[in-house]
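Novice: Attaching a single structure in C-alpha cells format; questions to follow.
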Number of protein chains: 2
Amino acid sequence: MSFYDQIGAEGEIVVSSRARLARNFTEYPFPGHMTEREEQLVLDLAKGALDHYTYLPVNTMSPMNASALVERHLVSRELLSGTGPRGVLLSEDESISVMVGEEDHVRIQALCAGFAPETALKQALEVDRILEQAAPYAFDRKLGYLTKCPTNLGTGLRAGVMVHLPMLTEQGAIRDLMASLNKLGFIIRGLYGEGTAAQGDLYQISNQVTLGIAEEEIVSRLEQVVGSILTKEEELRRQYQKMYPMRLMDRCQRAAGLLATARILTQPEAMKLCSHVRLGLSCGCLKGIPMAEMNRLLFEMQPGCLVSQAGEERTYLNLDQMRADMARQIAQKAVLPLIES
Amino acid sequence: MSFYDQIGAEGEIVVSSRARLARNFTEYPFPGHMTEREEQLVLDLAKGALDHYTYLPVNTMSPMNASALVERHLVSRELLSGTGPRGVLLSEDESISVMVGEEDHVRIQALCAGFAPETALKQALEVDRILEQAAPYAFDRKLGYLTKCPTNLGTGLRAGVMVHLPMLTEQGAIRDLMASLNKLGFIIRGLYGEGTAAQGDLYQISNQVTLGIAEEEIVSRLEQVVGSILTKEEELRRQYQKMYPMRLMDRCQRAAGLLATARILTQPEAMKLCSHVRLGLSCGCLKGIPMAEMNRLLFEMQPGCLVSQAGEERTYLNLDQMRADMARQIAQKAVLPLIES
C-alpha cells in the first residue's frame with residue numbers, strides 16, 4: 001500500500017510530507033571521485049544494510065518504468081541520468097526509498113500521507129541509523145554531515161510537503177508566496193521540482209537552509225510556514241464557496257463530468273480537472289470518490305506510470321486514451337451520485 | 001404533443017419541415033392601409049373560421065411568453081413588434097399556426113417532424129381552404145395570390161426544413177452551400193432566421209422564389225436540394241467516424257458529461273453541447289436519450305421558453321442555472337448508460 005492510498009492530517013490540502021537525508025560514507029571517496037568499483041561497493045553496502053528492501057537497478061530498467069519511479073517521487077531525475085552502478089532501495093510500502101549513487105552516496109527519503117513532516121523525519125532517521133551502523137558517515141563536528149553540494153551541508157535534511165492550492169493559485173497569490181517563503185529560507189516549487197509548472201495546482205514546499213539549525217527546528221519551522229499557508233487557502237475556499245456557491249459547484253461537478261466521460265485526456269487537462277475534483281471533494285460539492293483515489297490518480301496518470309502499469313503488450317496504445325480510461329473509472333464514482341440524487 | 005416530440009423521416013439530420021402560406025382577403029384593404037377596426041374584422045374573421053383553434057393575443061401577453069412563441073417557431077418576431085389587433089391561432093398539437101395581422105392578413109404555417117415538406121404543404125393547404133371559404137382571397141389570374149411584399153407573390157409559399165449540419169459546419173462548407181443554394185433559388189439561414197448565427201449547427205433551408213412555379217414544384221425542388229445536403233452530411237459523418245472514431249466518441253460523450261453535470265450553462269455553450277449530443281445519438285456514440293428530447297431541449301432552453309415554463313414565482317432565477325437544470329435532467333439519461341456500461 002502506497003502513501004497515497006492513505007489520507008493524513010490536513011489531507012484536503014496536504015497530499016504528502018517528505019524528509020530526505022543526504023549522506024556520504026567516510027570510508028569511500030566522495031561522489032565524482034570514485035571508481036566504478038567503489039561505486040559498486042557503496043551500492044553493495046547499502047543493499048546489505050537494507051536487505052529487506054527491494055532493490056531496483058535504474059540503469060537496467062526500461063526508461064518508462066524508470067520514469068514511473070520519478071513520477072511517483074521515489075527517485076530523482078538525476079539518479080536516472082547518472083552513469084555507473086546506482087539504483088534505489090524501496091521499503092515494502094514504498095514509504096522509504098534510498099537512492100544510492102545519486103549526488104551523494106545515499107539519499108534517504110521517507111514519504112507520509114498528509115501533513116506529517118515530523119513523522120517523515122523520524123522514519124528517515126531510523127533508516128539513517130541502520131546505514132550508519134553499516135559504515136560510518138562523513139561527519140564534521142562543526143559542519144555536520146558532509147555532502148557533495150554545500151547547500152546540503154549540516155543536517156543534509158530537506159523536509160517538505162506537497163500541497164494542493166487551487167484558490168491561492170487562482171487568486172494569483174503564489175508569486176508573493178514564493179518571495180515571502182524565500183525570505184524565511186523555504187522554497188515553493190511545482191509538482192516535479194524547480195522549473196516545473198504547477199500542474200494540478202500542486203506545489204512542493206521545502207527548506208533551503210540545512211546548516212546551523214537542528215533537524216527538529218527545520219521541521220518545526222516548516223510546519224509553521226505551511227500551517228499559515230493552509231489557513232489562507234482554507235479561508236479563500238470558504239469565502240469563495242460563500243460568495244459563489246453555484247459557480248464552485250458548477251466548476252467541480254463539470255470537472256467530474258468530463259473526467260467521467262472523456263475518451264482522450266491530455267495530461268495538462270487531466271491535472272486541471274483533477275484539481276477541480278479534489279477541490280470539490282474537499283468542499284462538499286462532490287461525493288463518492290475517496291480523496292486517496294484522486295491522489296493516486298494524480299500520480300498514476302503520468303506517462304511513465306501509465307505505460308508501466310499497462311504492461312508490455314499494451315504500450316502501443318495512445319497515452320491520452322489510457323489516461324482517459326483510468327480517469328473515467330475513478331471519476332464515475334463521483335458522477336453517479338450526482339446523477340442519481 | 002408538439003411536432004418536436006416526434007421523429008420523422010431523416011430525423012437524425014432533419015429536425016422539422018415547414019410550409020407557410022401568405023394570404024390576404026380581397027374584401028379588406030391591404031396591410032398598412034387598414035384602420036384598426038378593419039384589422040379587428042380580419043382577426044374576427046380568422047378566429048371565426050378556425051374556432052376550434054386556441055387564440056393567443058400576442059400584444060397583451062407577457063413579453064417572455066410572447067418570446068417563447070417565437071423561440072418555438074410558432075410566430076415571427078415581426079408579429080410581436082406590430083401594433084393594432086393581431087395574434088396567432090394555434091391548433092391543439094401546435095403543428096398549425098395562423099398569424100393574423102403580421103405582414104399579410106394571414107400567414108398559415110404547418111410544421112411537421114422530420115423531412116416532410118410535402119405533408120407540411122398539404123396541412124397548410126387544408127387550413128388555407130377553410131379560410132378561403134370564410135372570405136375570398138386577393139388573387140390575380142396572372143400573378144397568383146397577392147401579398148404585401150412582392151417577394152411572396154404567386155404561391156405565397158415558403159417551404160423549408162430545419163437541419164442539423166455539424167460536420168458540414170466543421171468542415172467550413174456552409175459558405176459554399178449558401179452560394180450554391182442561392183443560385184438554385186434557395187436560402188440557408190441560422191436557427192432564428194436571416195442574420196442569426198447557426199447556434200447548435202442548426203440551419204433553415206427554404207425557397208426564395210414564389211412566383212411562376214407551382215407549390216408542388218417548390219416542394220419537390222426543396223426535397224432534391226435538401227436530399228443532396230443530407231447525403232453530404234451523412235458521408236462526412238461516416239468518414240469522420242471511420243477515421244477518428246475515438247475523437248468522435250470523446251467529443252460526443254464529453255458533451256453529454258458536461259450537460260449532465262453543469263450547474264450554469266449559457267445558451268451558446270448549451271447549443272454547442274446539444275449539437276454534439278445530437279451527433280452522438282445519430283452515430284451511435286451515445287445512447288439513452290430519445291432524439292425527440294434533444295429536439296425539445298434545443299427549443300425549450302431558450303430564454304423565453306425557460307421563463308414561461310418556470311412560471312411567475314420562479315422568474316427571479318438565473319436563466320443559465322435554469323437552463324443547466326433542464327439540460328441535466330435530460331442529458332443524465334445518456335450519461336448513466338455510459339457510466340454503467
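Within each chain, counting starts at residue 1; across the C-alpha cells, chains are named A, B, ... in the order shown, with ligands numbered 1 upward in that order.
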Do me a favour and pick out the residues of chain A within 9 Å of chain B, using only C-alpha atoms, as a compact mmCIF listing (two decimals) with C-alpha atoms, in the first residue's frame.

Specialist:
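iface_2.txt written:
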# COMPACT_ATOMS: atom_id res chain seq x y z
CA MET A 246 -23.16 27.82 -7.68
CA ARG A 247 -20.00 28.71 -9.61
CA MET A 249 -20.41 23.59 -7.73
CA ASP A 250 -20.50 24.16 -11.49
CA ARG A 251 -16.74 24.03 -11.78
CA CYS A 252 -16.23 20.94 -9.63
CA GLN A 253 -19.15 18.96 -10.98
CA ARG A 254 -18.30 19.77 -14.61
CA ALA A 255 -14.75 18.55 -13.96
CA ALA A 256 -16.11 15.28 -12.60
CA GLY A 257 -18.48 15.05 -15.59
CA LEU A 258 -15.61 15.47 -18.04
CA LEU A 259 -13.30 13.04 -16.25
CA ALA A 260 -16.16 10.53 -16.17
CA THR A 261 -16.88 10.72 -19.90
CA ALA A 262 -13.76 11.83 -21.81
CA ARG A 263 -12.11 9.29 -24.09
CA ILE A 264 -8.99 11.36 -24.77
CA GLN A 321 -6.65 7.33 -24.23
CA ARG A 328 -13.16 7.54 -16.18
CA GLN A 329 -13.24 4.58 -13.83
CA GLN A 332 -17.61 7.88 -12.42
CA LYS A 333 -17.82 7.18 -8.72
CA VAL A 335 -20.70 11.39 -11.17
CA LEU A 336 -23.01 8.53 -10.32
CA LEU A 338 -24.64 13.42 -8.86
CA ILE A 339 -26.86 11.72 -11.37
CA GLU A 340 -28.82 9.56 -9.02

Novice: Might you pull out every residue within 9 Å of Phe186 (chain B), with only C-alpha atoms counted and same-chain residues fewer than 6 positions away left off, and present them as a VMD selection string?

Specialist: chain B and resid 178 180 205 to 209 222 225

Novice: Okay, now the selection with N, CA, C and O atoms, as a tab-separated table (two decimals), in the first residue's frame?

Specialist:
chain	number	residue	atom	x	y	z
B	178	MET	N	-24.23	28.08	-49.12
B	178	MET	CA	-25.05	29.29	-49.25
B	178	MET	C	-25.06	29.77	-50.68
B	178	MET	O	-26.11	30.07	-51.26
B	180	SER	N	-24.25	28.18	-53.48
B	180	SER	CA	-24.85	27.31	-54.49
B	180	SER	C	-26.36	27.21	-54.31
B	180	SER	O	-27.10	27.11	-55.29
B	205	ILE	N	-33.41	25.82	-44.29
B	205	ILE	CA	-33.26	25.94	-45.74
B	205	ILE	C	-34.65	26.14	-46.32
B	205	ILE	O	-35.56	25.35	-46.01
B	206	SER	N	-34.84	27.18	-47.13
B	206	SER	CA	-36.17	27.41	-47.70
B	206	SER	C	-36.07	28.07	-49.07
B	206	SER	O	-35.02	28.57	-49.47
B	207	ASN	N	-37.20	28.04	-49.80
B	207	ASN	CA	-37.22	28.61	-51.15
B	207	ASN	C	-37.30	30.13	-51.08
B	207	ASN	O	-37.82	30.70	-50.13
B	208	GLN	N	-36.75	30.78	-52.11
B	208	GLN	CA	-36.89	32.24	-52.20
B	208	GLN	C	-37.88	32.63	-53.28
B	208	GLN	O	-38.50	33.67	-53.20
B	209	VAL	N	-38.01	31.78	-54.30
B	209	VAL	CA	-38.87	32.10	-55.44
B	209	VAL	C	-40.28	31.57	-55.18
B	209	VAL	O	-40.45	30.39	-54.82
B	222	LEU	N	-37.19	21.63	-53.29
B	222	LEU	CA	-36.63	21.69	-51.92
B	222	LEU	C	-36.16	20.30	-51.49
B	222	LEU	O	-35.08	20.13	-50.93
B	225	VAL	N	-32.88	19.48	-53.25
B	225	VAL	CA	-31.76	20.26	-52.72
B	225	VAL	C	-31.35	19.75	-51.34
B	225	VAL	O	-30.17	19.50	-51.07

Novice: Run DSSP on the backbone and give me the residues of region 74-181 of chain A it puts in strand (DSSP E), as a PyMOL selection string.

Specialist: chain A and resi 87-90+96-100+106-113+139-140+144-145+157-164

Novice: Give me the residues near region 84-97 of chain A as an MDAnalysis selection string, where near means some atom within 8 Å (using only C-alpha atoms) and where sequence neighbours in that chain fewer than 3 positions away do not count.

Specialist: chainID A and resid 1:3 36 39:40 43 47 50 52:59 74:75 79 100:102 108:112 123:124

Novice: Pull C-alpha atoms from the residues just selected and write them as a CSV table (one decimal), in the first residue's frame.

Specialist:
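Resulting contents of part05.csv:
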chain,number,residue,atom,x,y,z
A,1,MET,CA,0.0,0.0,0.0
A,2,SER,CA,1.5,3.3,-1.1
A,3,PHE,CA,1.5,6.5,0.9
A,36,GLU,CA,33.2,2.2,-10.7
A,39,GLU,CA,30.5,2.9,-6.5
A,40,GLN,CA,29.6,-0.8,-6.6
A,43,LEU,CA,25.8,0.1,-3.5
A,47,LYS,CA,21.9,-3.3,-0.2
A,50,LEU,CA,18.8,-2.8,3.9
A,52,HIS,CA,14.7,-6.5,3.5
A,53,TYR,CA,14.2,-3.7,0.9
A,54,THR,CA,13.5,-4.2,-2.8
A,55,TYR,CA,16.4,-3.1,-5.0
A,56,LEU,CA,15.6,-1.6,-8.4
A,57,PRO,CA,18.6,-1.0,-10.7
A,58,VAL,CA,17.5,2.1,-12.5
A,59,ASN,CA,20.1,1.8,-15.3
A,74,LEU,CA,10.5,7.6,-5.4
A,75,VAL,CA,13.7,8.6,-7.2
A,79,LEU,CA,19.6,9.3,-10.5
A,100,VAL,CA,22.4,5.0,-4.0
A,101,GLY,CA,24.7,6.7,-6.4
A,102,GLU,CA,22.8,10.0,-6.9
A,108,ILE,CA,17.3,8.5,2.3
A,109,GLN,CA,13.7,9.6,1.7
A,110,ALA,CA,10.6,9.0,3.8
A,111,LEU,CA,7.2,9.8,2.5
A,112,CYS,CA,4.0,10.1,4.6
A,123,GLN,CA,11.2,7.4,9.7
A,124,ALA,CA,14.1,8.7,7.7

Novice: So, counting only C-alpha atoms, which residue among B:His33, B:His73, B:His164, B:Arg129 is closest to Ser275 (chain B)?

Specialist: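 Answer, going by the shortest atom-to-atom distance: B:His164.
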